[in-house]
Amino acid sequence: MHTKTMEGLVGARTNMNLMNTPMRVYKEARRKGDMTVMERAMEYVGDFSQKAEEYKAKADKGMEEDAKEAREKEQLQRKAALQTRKEEREKLEEKIQEDKNAASKDTVEISEEGKVFIKDHEDHVDADTTGSETDMRKQDVRKEPVTYTKAGEAVSMEQETSISVSV
């Protein structure tokens, strides 16, 4: 709470409470018919009332300043939250792009038997051949289709007739 608001509220309340005493004196003087005491009491009531109004105006001004500060603070918080969300979204988009790039690449693992096979057959390839001829020769070298188990062992297609694929 702003200091002007607190000061205004406390001052207004105090002056309203202080106004009760001269009002009691006024009522007592009216009952007795004493006009001079009534007039003096009403002057005090007017003074306290005027001071209460001044403090009320001060409290209103303080409350306006409080509201203005609260709006500014809220706007700064919104901007900070918006910036944070934007950064998070950019990081997420980068991660999605990286995952997409990683998902589009396939990896191949060659077993020890395959490495030995490749070394044995590389010796037979001529140095004059182009890459596409080499690839064709390597494809022609395969004699029978082979599938691999979960353990990574090669099993010929003739032995295992059912293939299970789960996605």
# chains A, B, ... in the order shown; residues from 1 in each chain; ligands from 1
$ residues_around --residues "Ala59 in chain A" --least-positions-apart "2" --cutoff "10 Å" --atoms "only C-alpha atoms" --output "list in words"
His2, Thr3, Lys4, Thr5, Met6, Glu7, Gly8, Leu9, Val10, Gly11, Ala12, Glu53, Glu54, Tyr55, Lys56, Ala57, Lys61, Gly62, Met63, Glu64 and Glu65 of chain A
$ write_last_selection --atoms "N, CA, C and O atoms" --output "mmCIF file, in the first residue's frame"
data_model
loop_
_atom_site.group_PDB
_atom_site.id
_atom_site.type_symbol
_atom_site.label_atom_id
_atom_site.label_comp_id
_atom_site.auth_asym_id
_atom_site.auth_seq_id
_atom_site.Cartn_x
_atom_site.Cartn_y
_atom_site.Cartn_z
ATOM 1 N N HIS A 2 0.535 2.202 -0.759
ATOM 2 C CA HIS A 2 1.296 3.442 -0.896
ATOM 3 C C HIS A 2 1.172 4.269 0.383
ATOM 4 O O HIS A 2 0.141 4.259 1.050
ATOM 5 N N THR A 3 2.210 5.023 0.719
ATOM 6 C CA THR A 3 2.197 5.800 1.964
ATOM 7 C C THR A 3 1.121 6.879 1.948
ATOM 8 O O THR A 3 0.522 7.173 2.990
ATOM 9 N N LYS A 4 0.874 7.461 0.776
ATOM 10 C CA LYS A 4 -0.183 8.480 0.703
ATOM 11 C C LYS A 4 -1.544 7.862 1.020
ATOM 12 O O LYS A 4 -2.380 8.477 1.678
ATOM 13 N N THR A 5 -1.752 6.656 0.538
ATOM 14 C CA THR A 5 -3.020 5.975 0.807
ATOM 15 C C THR A 5 -3.179 5.716 2.293
ATOM 16 O O THR A 5 -4.235 6.003 2.877
ATOM 17 N N MET A 6 -2.140 5.185 2.911
ATOM 18 C CA MET A 6 -2.221 4.893 4.353
ATOM 19 C C MET A 6 -2.428 6.174 5.157
ATOM 20 O O MET A 6 -3.273 6.217 6.053
ATOM 21 N N GLU A 7 -1.657 7.187 4.828
ATOM 22 C CA GLU A 7 -1.788 8.452 5.557
ATOM 23 C C GLU A 7 -3.181 9.041 5.377
ATOM 24 O O GLU A 7 -3.801 9.526 6.336
ATOM 25 N N GLY A 8 -3.708 8.990 4.168
ATOM 26 C CA GLY A 8 -5.044 9.515 3.898
ATOM 27 C C GLY A 8 -6.121 8.775 4.659
ATOM 28 O O GLY A 8 -7.015 9.386 5.257
ATOM 29 N N LEU A 9 -6.056 7.444 4.650
ATOM 30 C CA LEU A 9 -7.069 6.649 5.349
ATOM 31 C C LEU A 9 -7.013 6.863 6.859
ATOM 32 O O LEU A 9 -8.054 7.036 7.507
ATOM 33 N N VAL A 10 -5.801 6.872 7.399
ATOM 34 C CA VAL A 10 -5.663 7.068 8.843
ATOM 35 C C VAL A 10 -6.124 8.468 9.230
ATOM 36 O O VAL A 10 -6.852 8.658 10.218
ATOM 37 N N GLY A 11 -5.710 9.478 8.467
ATOM 38 C CA GLY A 11 -6.098 10.856 8.766
ATOM 39 C C GLY A 11 -7.598 11.063 8.677
ATOM 40 O O GLY A 11 -8.206 11.717 9.545
ATOM 41 N N ALA A 12 -8.229 10.511 7.660
ATOM 42 C CA ALA A 12 -9.684 10.658 7.506
ATOM 43 C C ALA A 12 -10.415 9.987 8.664
ATOM 44 O O ALA A 12 -11.353 10.565 9.236
ATOM 45 N N GLU A 53 -12.055 15.495 4.733
ATOM 46 C CA GLU A 53 -12.186 15.561 3.275
ATOM 47 C C GLU A 53 -10.810 15.677 2.614
ATOM 48 O O GLU A 53 -10.557 15.053 1.569
ATOM 49 N N GLU A 54 -9.911 16.488 3.198
ATOM 50 C CA GLU A 54 -8.563 16.635 2.642
ATOM 51 C C GLU A 54 -7.820 15.300 2.683
ATOM 52 O O GLU A 54 -7.164 14.900 1.712
ATOM 53 N N TYR A 55 -7.935 14.616 3.808
ATOM 54 C CA TYR A 55 -7.285 13.323 3.920
ATOM 55 C C TYR A 55 -7.911 12.300 2.972
ATOM 56 O O TYR A 55 -7.213 11.440 2.431
ATOM 57 N N LYS A 56 -9.208 12.407 2.765
ATOM 58 C CA LYS A 56 -9.883 11.512 1.817
ATOM 59 C C LYS A 56 -9.337 11.741 0.417
ATOM 60 O O LYS A 56 -9.076 10.782 -0.332
ATOM 61 N N ALA A 57 -9.149 13.010 0.030
ATOM 62 C CA ALA A 57 -8.586 13.323 -1.279
ATOM 63 C C ALA A 57 -7.163 12.770 -1.395
ATOM 64 O O ALA A 57 -6.771 12.239 -2.449
ATOM 65 N N LYS A 61 -5.870 9.985 -4.080
ATOM 66 C CA LYS A 61 -4.701 10.189 -4.930
ATOM 67 C C LYS A 61 -3.700 9.046 -4.739
ATOM 68 O O LYS A 61 -3.134 8.527 -5.717
ATOM 69 N N GLY A 62 -3.488 8.643 -3.499
ATOM 70 C CA GLY A 62 -2.586 7.523 -3.214
ATOM 71 C C GLY A 62 -3.082 6.229 -3.829
ATOM 72 O O GLY A 62 -2.289 5.434 -4.349
ATOM 73 N N MET A 63 -4.396 6.009 -3.775
ATOM 74 C CA MET A 63 -4.962 4.794 -4.370
ATOM 75 C C MET A 63 -4.798 4.805 -5.880
ATOM 76 O O MET A 63 -4.535 3.761 -6.493
ATOM 77 N N GLU A 64 -4.931 5.965 -6.506
ATOM 78 C CA GLU A 64 -4.703 6.070 -7.953
ATOM 79 C C GLU A 64 -3.254 5.731 -8.292
ATOM 80 O O GLU A 64 -2.989 5.012 -9.261
ATOM 81 N N GLU A 65 -2.325 6.248 -7.482
ATOM 82 C CA GLU A 65 -0.916 5.941 -7.701
ATOM 83 C C GLU A 65 -0.645 4.456 -7.487
ATOM 84 O O GLU A 65 0.127 3.846 -8.232
#
$ atom_distance --atom1 "CA of Glu153 in chain A" --atom2 "CA of Ser111 in chain A"
8.7 Å
$ atom_distance --atom1 "CA of Phe48 in chain A" --atom2 "CA of Leu18 in chain A"
6.9 Å
$ residues_around --residues "Glu43 in chain A" --least-positions-apart "4" --cutoff "12 Å" --atoms "only C-alpha atoms" --output "list in words"
Met19, Pro22, Met23, Val25, Tyr26, Thr36, Val37, Met38, Glu39, Asp47, Phe48, Ser49 and Gln50 of chain A
$ atom_distance --atom1 "CA of Val108 in chain A" --atom2 "CA of Glu94 in chain A"
25.7 Å
$ decode --residues "range 5-19 of chain A" --atoms "all heavy atoms" --output "PDB file, in the first residue's frame"
ATOM      1  N   THR A   5      -1.752   6.656   0.538  1.00  0.00           N
ATOM      2  CA  THR A   5      -3.020   5.975   0.807  1.00  0.00           C
ATOM      3  C   THR A   5      -3.179   5.716   2.293  1.00  0.00           C
ATOM      4  O   THR A   5      -4.235   6.003   2.877  1.00  0.00           O
ATOM      5  CB  THR A   5      -3.080   4.644   0.031  1.00  0.00           C
ATOM      6  OG1 THR A   5      -2.828   4.897  -1.341  1.00  0.00           O
ATOM      7  CG2 THR A   5      -4.424   3.971   0.186  1.00  0.00           C
ATOM      8  N   MET A   6      -2.140   5.185   2.911  1.00  0.00           N
ATOM      9  CA  MET A   6      -2.221   4.893   4.353  1.00  0.00           C
ATOM     10  C   MET A   6      -2.428   6.174   5.157  1.00  0.00           C
ATOM     11  O   MET A   6      -3.273   6.217   6.053  1.00  0.00           O
ATOM     12  CB  MET A   6      -0.939   4.191   4.818  1.00  0.00           C
ATOM     13  CG  MET A   6      -0.813   2.773   4.329  1.00  0.00           C
ATOM     14  SD  MET A   6       0.540   1.845   5.056  1.00  0.00           S
ATOM     15  CE  MET A   6       1.937   2.875   4.710  1.00  0.00           C
ATOM     16  N   GLU A   7      -1.657   7.187   4.828  1.00  0.00           N
ATOM     17  CA  GLU A   7      -1.788   8.452   5.557  1.00  0.00           C
ATOM     18  C   GLU A   7      -3.181   9.041   5.377  1.00  0.00           C
ATOM     19  O   GLU A   7      -3.801   9.526   6.336  1.00  0.00           O
ATOM     20  CB  GLU A   7      -0.741   9.451   5.058  1.00  0.00           C
ATOM     21  CG  GLU A   7      -0.731  10.748   5.821  1.00  0.00           C
ATOM     22  CD  GLU A   7       0.327  11.712   5.292  1.00  0.00           C
ATOM     23  OE1 GLU A   7       1.221  11.289   4.541  1.00  0.00           O
ATOM     24  OE2 GLU A   7       0.234  12.907   5.645  1.00  0.00           O
ATOM     25  N   GLY A   8      -3.708   8.990   4.168  1.00  0.00           N
ATOM     26  CA  GLY A   8      -5.044   9.515   3.898  1.00  0.00           C
ATOM     27  C   GLY A   8      -6.121   8.775   4.659  1.00  0.00           C
ATOM     28  O   GLY A   8      -7.015   9.386   5.257  1.00  0.00           O
ATOM     29  N   LEU A   9      -6.056   7.444   4.650  1.00  0.00           N
ATOM     30  CA  LEU A   9      -7.069   6.649   5.349  1.00  0.00           C
ATOM     31  C   LEU A   9      -7.013   6.863   6.859  1.00  0.00           C
ATOM     32  O   LEU A   9      -8.054   7.036   7.507  1.00  0.00           O
ATOM     33  CB  LEU A   9      -6.895   5.170   5.015  1.00  0.00           C
ATOM     34  CG  LEU A   9      -7.200   4.762   3.571  1.00  0.00           C
ATOM     35  CD1 LEU A   9      -6.830   3.303   3.345  1.00  0.00           C
ATOM     36  CD2 LEU A   9      -8.655   5.014   3.238  1.00  0.00           C
ATOM     37  N   VAL A  10      -5.801   6.872   7.399  1.00  0.00           N
ATOM     38  CA  VAL A  10      -5.663   7.068   8.843  1.00  0.00           C
ATOM     39  C   VAL A  10      -6.124   8.468   9.230  1.00  0.00           C
ATOM     40  O   VAL A  10      -6.852   8.658  10.218  1.00  0.00           O
ATOM     41  CB  VAL A  10      -4.203   6.817   9.291  1.00  0.00           C
ATOM     42  CG1 VAL A  10      -3.981   7.258  10.731  1.00  0.00           C
ATOM     43  CG2 VAL A  10      -3.850   5.353   9.131  1.00  0.00           C
ATOM     44  N   GLY A  11      -5.710   9.478   8.467  1.00  0.00           N
ATOM     45  CA  GLY A  11      -6.098  10.856   8.766  1.00  0.00           C
ATOM     46  C   GLY A  11      -7.598  11.063   8.677  1.00  0.00           C
ATOM     47  O   GLY A  11      -8.206  11.717   9.545  1.00  0.00           O
ATOM     48  N   ALA A  12      -8.229  10.511   7.660  1.00  0.00           N
ATOM     49  CA  ALA A  12      -9.684  10.658   7.506  1.00  0.00           C
ATOM     50  C   ALA A  12     -10.415   9.987   8.664  1.00  0.00           C
ATOM     51  O   ALA A  12     -11.353  10.565   9.236  1.00  0.00           O
ATOM     52  CB  ALA A  12     -10.131  10.072   6.170  1.00  0.00           C
ATOM     53  N   ARG A  13      -9.989   8.800   9.015  1.00  0.00           N
ATOM     54  CA  ARG A  13     -10.653   8.084  10.113  1.00  0.00           C
ATOM     55  C   ARG A  13     -10.466   8.840  11.435  1.00  0.00           C
ATOM     56  O   ARG A  13     -11.414   8.982  12.223  1.00  0.00           O
ATOM     57  CB  ARG A  13     -10.115   6.665  10.235  1.00  0.00           C
ATOM     58  CG  ARG A  13     -10.754   5.910  11.387  1.00  0.00           C
ATOM     59  CD  ARG A  13     -10.312   4.481  11.400  1.00  0.00           C
ATOM     60  NE  ARG A  13     -10.783   3.802  12.563  1.00  0.00           N
ATOM     61  CZ  ARG A  13     -11.938   3.155  12.654  1.00  0.00           C
ATOM     62  NH1 ARG A  13     -12.751   3.139  11.626  1.00  0.00           N
ATOM     63  NH2 ARG A  13     -12.286   2.540  13.768  1.00  0.00           N
ATOM     64  N   THR A  14      -9.261   9.321  11.687  1.00  0.00           N
ATOM     65  CA  THR A  14      -8.992  10.049  12.925  1.00  0.00           C
ATOM     66  C   THR A  14      -9.858  11.301  13.016  1.00  0.00           C
ATOM     67  O   THR A  14     -10.469  11.578  14.058  1.00  0.00           O
ATOM     68  CB  THR A  14      -7.503  10.437  13.000  1.00  0.00           C
ATOM     69  OG1 THR A  14      -6.718   9.244  12.918  1.00  0.00           O
ATOM     70  CG2 THR A  14      -7.186  11.167  14.287  1.00  0.00           C
ATOM     71  N   ASN A  15      -9.933  12.068  11.931  1.00  0.00           N
ATOM     72  CA  ASN A  15     -10.737  13.293  11.946  1.00  0.00           C
ATOM     73  C   ASN A  15     -12.232  12.993  12.076  1.00  0.00           C
ATOM     74  O   ASN A  15     -12.960  13.758  12.713  1.00  0.00           O
ATOM     75  CB  ASN A  15     -10.458  14.148  10.712  1.00  0.00           C
ATOM     76  CG  ASN A  15      -9.175  14.931  10.859  1.00  0.00           C
ATOM     77  OD1 ASN A  15      -9.073  15.795  11.719  1.00  0.00           O
ATOM     78  ND2 ASN A  15      -8.177  14.601  10.059  1.00  0.00           N
ATOM     79  N   MET A  16     -12.683  11.907  11.502  1.00  0.00           N
ATOM     80  CA  MET A  16     -14.096  11.531  11.672  1.00  0.00           C
ATOM     81  C   MET A  16     -14.366  11.154  13.125  1.00  0.00           C
ATOM     82  O   MET A  16     -15.423  11.499  13.673  1.00  0.00           O
ATOM     83  CB  MET A  16     -14.464  10.373  10.731  1.00  0.00           C
ATOM     84  CG  MET A  16     -14.496  10.763   9.261  1.00  0.00           C
ATOM     85  SD  MET A  16     -15.649  12.090   8.908  1.00  0.00           S
ATOM     86  CE  MET A  16     -17.185  11.254   9.077  1.00  0.00           C
ATOM     87  N   ASN A  17     -13.417  10.444  13.750  1.00  0.00           N
ATOM     88  CA  ASN A  17     -13.582  10.094  15.164  1.00  0.00           C
ATOM     89  C   ASN A  17     -13.517  11.340  16.056  1.00  0.00           C
ATOM     90  O   ASN A  17     -14.262  11.457  17.028  1.00  0.00           O
ATOM     91  CB  ASN A  17     -12.524   9.081  15.606  1.00  0.00           C
ATOM     92  CG  ASN A  17     -12.779   7.698  15.039  1.00  0.00           C
ATOM     93  OD1 ASN A  17     -13.907   7.385  14.648  1.00  0.00           O
ATOM     94  ND2 ASN A  17     -11.741   6.889  14.976  1.00  0.00           N
ATOM     95  N   LEU A  18     -12.608  12.267  15.706  1.00  0.00           N
ATOM     96  CA  LEU A  18     -12.494  13.499  16.486  1.00  0.00           C
ATOM     97  C   LEU A  18     -13.738  14.376  16.332  1.00  0.00           C
ATOM     98  O   LEU A  18     -14.069  15.159  17.225  1.00  0.00           O
ATOM     99  CB  LEU A  18     -11.250  14.296  16.064  1.00  0.00           C
ATOM    100  CG  LEU A  18      -9.903  13.693  16.461  1.00  0.00           C
ATOM    101  CD1 LEU A  18      -8.765  14.515  15.850  1.00  0.00           C
ATOM    102  CD2 LEU A  18      -9.758  13.626  17.973  1.00  0.00           C
ATOM    103  N   MET A  19     -14.429  14.233  15.232  1.00  0.00           N
ATOM    104  CA  MET A  19     -15.639  15.020  14.987  1.00  0.00           C
ATOM    105  C   MET A  19     -16.784  14.580  15.913  1.00  0.00           C
ATOM    106  O   MET A  19     -17.704  15.367  16.200  1.00  0.00           O
ATOM    107  CB  MET A  19     -16.066  14.855  13.513  1.00  0.00           C
ATOM    108  CG  MET A  19     -17.097  15.851  13.058  1.00  0.00           C
ATOM    109  SD  MET A  19     -17.371  15.802  11.278  1.00  0.00           S
ATOM    110  CE  MET A  19     -17.863  14.132  11.003  1.00  0.00           C
TER     111      MET A  19
END
